[in-house]
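Right, one structure below, let's go through it.
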Amino acid sequence: MNKAERVLMLFWQLYNGRKVNKPAFCIEMEVEPRTFDRYIEGIRNFLSECYTGQEILFDRRDRSYFMTGATRKSLTGVEYTAIVTVLKGSMAFGKEETEGLIRSLGAVTEGYNEAARDGAGNREECLDGGMRKKPMLKMQWDLFQCIKRKTVIRFRYEERGEEGWVEAVPKGVRYEDGELKLRAFHIRKGKEEGYCIEGIESFEIIKSMTGQEGF
């Protein structure tokens, strides 16, 4: 790896919100401490000349450098494994939707590969059996939009012997008792109740407080 590549590597780590330990970076990239200092100074000058408002600062607590205003744009392998394990264990979504979510998580995970995926547990064992068949991601998204826009909706509900139309104001979506549930204020009953999202066949907007009827 040449000088330009090492400087870019350092900048990219800082830009993505990571803290960079000087000794560790020097050992990994096989550079002298004074060379690292020149890299840091060069990046500081670049940020200053570009008027980004960002700075490279030193944290004495863990003796590492970081960039102000930077946000990490990728997941670590540890984060990926934790999220995927919970996602699979919840069995809140259908197999195809779960697989799609896992692929999306993998795309934003640093160093993602087949080994990292397998580290979250046997995929087929976790996804086969007991998972929901009905797609719910789009329904969940639409309900979130209704919550954000403070709408009154009318939905067809069929769940465990309960069937009919409900007029309500959506309040929130939660994971409760092994299911994704919509918390909504039932207009006729005058109280808040929970509805399994899988049981919502369809819904329509009756009134939108923001005046926006479509998504």
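So you can find residues: chains in the structure tokens are A, B, ... in the order shown, residues in each start at 1, and ligands are numbered from 1 in order.
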For this session: Return as a ChimeraX atom specification the full set of residues in stretch 2-195 of chain A whose backbone-based DSSP assignment is alpha helix (DSSP H).
Result: /A:3-15,22-29,33-49,77-90,95-107,114-118,123-127,137-148
Can you spit out the residues from that selection as a short mmCIF file (atom, residue, chain, number, x, y, z; two decimals), in the first residue's frame, using C-alpha atoms?
data_model
loop_
_atom_site.label_atom_id
_atom_site.label_comp_id
_atom_site.auth_asym_id
_atom_site.auth_seq_id
_atom_site.Cartn_x
_atom_site.Cartn_y
_atom_site.Cartn_z
CA LYS A 3 1.35 6.70 0.77
CA ALA A 4 -1.77 7.96 -1.00
CA GLU A 5 -3.64 4.76 -0.18
CA ARG A 6 -2.63 4.93 3.48
CA VAL A 7 -3.76 8.56 3.76
CA LEU A 8 -7.07 7.70 2.10
CA MET A 9 -7.51 4.76 4.46
CA LEU A 10 -6.94 7.03 7.48
CA PHE A 11 -9.29 9.71 6.13
CA TRP A 12 -11.99 7.16 5.35
CA GLN A 13 -11.89 5.70 8.85
CA LEU A 14 -12.15 9.15 10.43
CA TYR A 15 -14.85 10.28 8.01
CA LYS A 22 -2.09 5.96 16.46
CA PRO A 23 0.12 3.00 17.52
CA ALA A 24 -2.37 0.47 16.12
CA PHE A 25 -2.60 2.29 12.78
CA CYS A 26 1.19 2.60 12.52
CA ILE A 27 1.67 -1.11 13.12
CA GLU A 28 -1.09 -2.13 10.71
CA MET A 29 0.05 0.21 7.93
CA PRO A 33 4.70 7.72 14.20
CA ARG A 34 6.05 10.92 12.60
CA THR A 35 4.59 9.84 9.27
CA PHE A 36 1.21 9.33 10.94
CA ASP A 37 1.46 12.85 12.40
CA ARG A 38 2.03 14.25 8.90
CA TYR A 39 -1.03 12.37 7.64
CA ILE A 40 -3.16 13.87 10.41
CA GLU A 41 -1.83 17.35 9.73
CA GLY A 42 -2.52 16.98 6.00
CA ILE A 43 -6.12 15.92 6.66
CA ARG A 44 -6.59 18.84 9.06
CA ASN A 45 -5.35 21.27 6.40
CA PHE A 46 -7.65 19.71 3.82
CA LEU A 47 -10.70 20.10 6.08
CA SER A 48 -9.75 23.69 6.87
CA GLU A 49 -9.30 24.66 3.22
CA GLY A 77 -19.51 -7.44 12.39
CA VAL A 78 -20.56 -7.53 16.05
CA GLU A 79 -23.51 -5.21 15.38
CA TYR A 80 -24.53 -7.20 12.30
CA THR A 81 -24.49 -10.48 14.21
CA ALA A 82 -26.54 -9.03 17.10
CA ILE A 83 -29.19 -7.47 14.85
CA VAL A 84 -29.55 -10.52 12.61
CA THR A 85 -29.80 -12.85 15.61
CA VAL A 86 -32.65 -10.78 17.07
CA LEU A 87 -34.31 -10.46 13.66
CA LYS A 88 -34.28 -14.21 13.06
CA GLY A 89 -35.27 -15.06 16.61
CA SER A 90 -38.28 -12.76 16.57
CA LYS A 95 -38.86 -15.83 5.24
CA GLU A 96 -38.37 -13.80 2.04
CA GLU A 97 -38.66 -10.47 3.86
CA THR A 98 -36.23 -11.62 6.55
CA GLU A 99 -33.71 -12.77 3.95
CA GLY A 100 -34.04 -9.42 2.17
CA LEU A 101 -33.42 -7.51 5.39
CA ILE A 102 -30.37 -9.65 6.15
CA ARG A 103 -28.94 -8.96 2.69
CA SER A 104 -29.49 -5.22 3.19
CA LEU A 105 -27.74 -5.36 6.55
CA GLY A 106 -24.86 -7.26 4.97
CA ALA A 107 -24.47 -4.54 2.33
CA GLU A 114 -20.16 -15.58 3.96
CA ALA A 115 -18.27 -16.28 7.19
CA ALA A 116 -19.78 -13.20 8.84
CA ARG A 117 -23.24 -14.26 7.72
CA ASP A 118 -22.79 -17.77 9.07
CA ARG A 123 -29.57 -19.30 8.10
CA GLU A 124 -31.82 -22.07 6.89
CA GLU A 125 -32.36 -23.46 10.38
CA CYS A 126 -33.45 -20.04 11.64
CA LEU A 127 -35.61 -19.10 8.66
CA LEU A 137 -42.91 -4.73 5.62
CA LYS A 138 -44.99 -2.56 3.27
CA MET A 139 -47.98 -2.61 5.63
CA GLN A 140 -45.75 -1.60 8.54
CA TRP A 141 -44.25 1.26 6.49
CA ASP A 142 -47.68 2.56 5.44
CA LEU A 143 -48.88 2.49 9.03
CA PHE A 144 -45.82 4.45 10.13
CA GLN A 145 -46.74 7.13 7.56
CA CYS A 146 -50.26 7.27 9.02
CA ILE A 147 -48.80 7.71 12.51
CA LYS A 148 -46.48 10.48 11.34
#
Exercise. Got a sec: who's within 7 Å of A:Val169, counting only C-alpha atoms, leaving out chain neighbours fewer than 4 positions off, as a VMD selection string?
Worked result: chain A and resid 151 to 153 184 to 186
Problem set entry | One-decimal distance in Å that lies between atom CA of A:Lys189 and atom CA of A:Pro135 |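 Atom CA of A:Pro135 sits 29.1 Å away from atom CA of A:Lys189.
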Would you kindly return, as a PDB file with N, CA and C atoms, in the first residue's frame, each protein, DNA or RNA residue with an atom no farther than 9 Å from any atom of A:Glu159, considering only C-alpha atoms and excluding same-chain residues fewer than 5 positions away?
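That gives us selection_24.pdb:
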ATOM      1  N   TYR A 195     -53.500  -4.248  17.848  1.00  0.00           N
ATOM      2  CA  TYR A 195     -53.937  -5.073  16.731  1.00  0.00           C
ATOM      3  C   TYR A 195     -52.725  -5.709  16.062  1.00  0.00           C
ATOM      4  N   CYS A 196     -52.763  -7.015  15.904  1.00  0.00           N
ATOM      5  CA  CYS A 196     -51.682  -7.722  15.213  1.00  0.00           C
ATOM      6  C   CYS A 196     -51.651  -7.251  13.761  1.00  0.00           C
ATOM      7  N   GLU A 198     -50.384  -8.546  11.229  1.00  0.00           N
ATOM      8  CA  GLU A 198     -50.657  -9.636  10.294  1.00  0.00           C
ATOM      9  C   GLU A 198     -52.166  -9.798  10.073  1.00  0.00           C
ATOM     10  N   GLY A 199     -52.957  -9.351  11.028  1.00  0.00           N
ATOM     11  CA  GLY A 199     -54.407  -9.485  10.910  1.00  0.00           C
ATOM     12  C   GLY A 199     -55.072  -8.343  10.172  1.00  0.00           C
ATOM     13  N   ILE A 200     -54.314  -7.301   9.834  1.00  0.00           N
ATOM     14  CA  ILE A 200     -54.877  -6.174   9.095  1.00  0.00           C
ATOM     15  C   ILE A 200     -54.833  -6.499   7.601  1.00  0.00           C
TER      16      ILE A 200
END
Problem set entry | Pick from A:Lys134, A:Glu176, A:Glu192, A:Glu204 nearest to A:Phe155, counting only C-alpha atoms |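 For A:Phe155, the nearest of the candidates is A:Glu204.
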For this session: Going by DSSP on the backbone, which bits of stretch 2-205 of chain A are strand (DSSP E)? Write them as a VMD selection string, please.
Result: chain A and resid 20 to 21 56 to 59 64 to 67 151 to 159 162 to 176 179 to 186 191 to 196 200 to 205
Which neighbours of A:Arg156 fall inside 10 Å, counting only C-alpha atoms, when residues of the same chain fewer than 2 positions from it are skipped, and could you give them as a PDB file with N, CA, C and O atoms, in the first residue's frame?
ATOM      1  N   ARG A 154     -59.428   3.494   8.504  1.00  0.00           N
ATOM      2  CA  ARG A 154     -60.444   2.449   8.626  1.00  0.00           C
ATOM      3  C   ARG A 154     -59.823   1.177   8.047  1.00  0.00           C
ATOM      4  O   ARG A 154     -59.419   1.158   6.878  1.00  0.00           O
ATOM      5  N   GLU A 158     -58.885  -9.184  10.740  1.00  0.00           N
ATOM      6  CA  GLU A 158     -59.261 -10.582  10.942  1.00  0.00           C
ATOM      7  C   GLU A 158     -58.168 -11.260  11.747  1.00  0.00           C
ATOM      8  O   GLU A 158     -57.059 -11.457  11.268  1.00  0.00           O
ATOM      9  N   GLU A 163     -63.349 -10.301  13.686  1.00  0.00           N
ATOM     10  CA  GLU A 163     -63.414  -9.903  12.288  1.00  0.00           C
ATOM     11  C   GLU A 163     -64.312  -8.676  12.139  1.00  0.00           C
ATOM     12  O   GLU A 163     -65.323  -8.537  12.829  1.00  0.00           O
ATOM     13  N   GLY A 164     -63.919  -7.776  11.255  1.00  0.00           N
ATOM     14  CA  GLY A 164     -64.741  -6.606  11.000  1.00  0.00           C
ATOM     15  C   GLY A 164     -63.904  -5.386  10.668  1.00  0.00           C
ATOM     16  O   GLY A 164     -62.674  -5.454  10.534  1.00  0.00           O
ATOM     17  N   TRP A 165     -64.586  -4.248  10.513  1.00  0.00           N
ATOM     18  CA  TRP A 165     -63.923  -2.986  10.192  1.00  0.00           C
ATOM     19  C   TRP A 165     -63.729  -2.159  11.453  1.00  0.00           C
ATOM     20  O   TRP A 165     -64.596  -2.112  12.325  1.00  0.00           O
ATOM     21  N   VAL A 166     -62.590  -1.499  11.527  1.00  0.00           N
ATOM     22  CA  VAL A 166     -62.248  -0.691  12.696  1.00  0.00           C
ATOM     23  C   VAL A 166     -61.834   0.704  12.237  1.00  0.00           C
ATOM     24  O   VAL A 166     -61.045   0.851  11.302  1.00  0.00           O
ATOM     25  N   GLU A 167     -62.379   1.720  12.883  1.00  0.00           N
ATOM     26  CA  GLU A 167     -61.941   3.098  12.657  1.00  0.00           C
ATOM     27  C   GLU A 167     -61.102   3.511  13.856  1.00  0.00           C
ATOM     28  O   GLU A 167     -61.544   3.408  15.004  1.00  0.00           O
ATOM     29  N   GLY A 199     -52.957  -9.351  11.028  1.00  0.00           N
ATOM     30  CA  GLY A 199     -54.407  -9.485  10.910  1.00  0.00           C
ATOM     31  C   GLY A 199     -55.072  -8.343  10.172  1.00  0.00           C
ATOM     32  O   GLY A 199     -56.282  -8.386   9.912  1.00  0.00           O
ATOM     33  N   ILE A 200     -54.314  -7.301   9.834  1.00  0.00           N
ATOM     34  CA  ILE A 200     -54.877  -6.174   9.095  1.00  0.00           C
ATOM     35  C   ILE A 200     -54.833  -6.499   7.601  1.00  0.00           C
ATOM     36  O   ILE A 200     -53.761  -6.558   6.997  1.00  0.00           O
ATOM     37  N   GLU A 201     -55.987  -6.745   7.018  1.00  0.00           N
ATOM     38  CA  GLU A 201     -56.056  -7.125   5.611  1.00  0.00           C
ATOM     39  C   GLU A 201     -55.813  -5.933   4.687  1.00  0.00           C
ATOM     40  O   GLU A 201     -55.141  -6.038   3.671  1.00  0.00           O
ATOM     41  N   SER A 202     -56.380  -4.783   5.029  1.00  0.00           N
ATOM     42  CA  SER A 202     -56.232  -3.567   4.230  1.00  0.00           C
ATOM     43  C   SER A 202     -56.714  -2.388   5.060  1.00  0.00           C
ATOM     44  O   SER A 202     -57.365  -2.573   6.088  1.00  0.00           O
ATOM     45  N   PHE A 203     -56.399  -1.181   4.615  1.00  0.00           N
ATOM     46  CA  PHE A 203     -56.911  -0.009   5.317  1.00  0.00           C
ATOM     47  C   PHE A 203     -57.033   1.159   4.354  1.00  0.00           C
ATOM     48  O   PHE A 203     -56.431   1.181   3.279  1.00  0.00           O
ATOM     49  N   GLU A 204     -57.819   2.135   4.757  1.00  0.00           N
ATOM     50  CA  GLU A 204     -57.997   3.345   3.975  1.00  0.00           C
ATOM     51  C   GLU A 204     -57.939   4.547   4.910  1.00  0.00           C
ATOM     52  O   GLU A 204     -58.278   4.449   6.092  1.00  0.00           O
TER      53      GLU A 204
END
Problem set entry | Interatomic distance, atom CA of A:Arg188 to atom CA of A:Ser208 (Å, one decimal) |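 Calculated distance between atom CA of A:Arg188 and atom CA of A:Ser208 is 18.2 Å.
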Problem set entry | Contacts of A:Arg183 at 7 Å (only C-alpha atoms; same-chain gap of 2+ positions) as a ChimeraX atom specification | /A:170-173,181,192-195
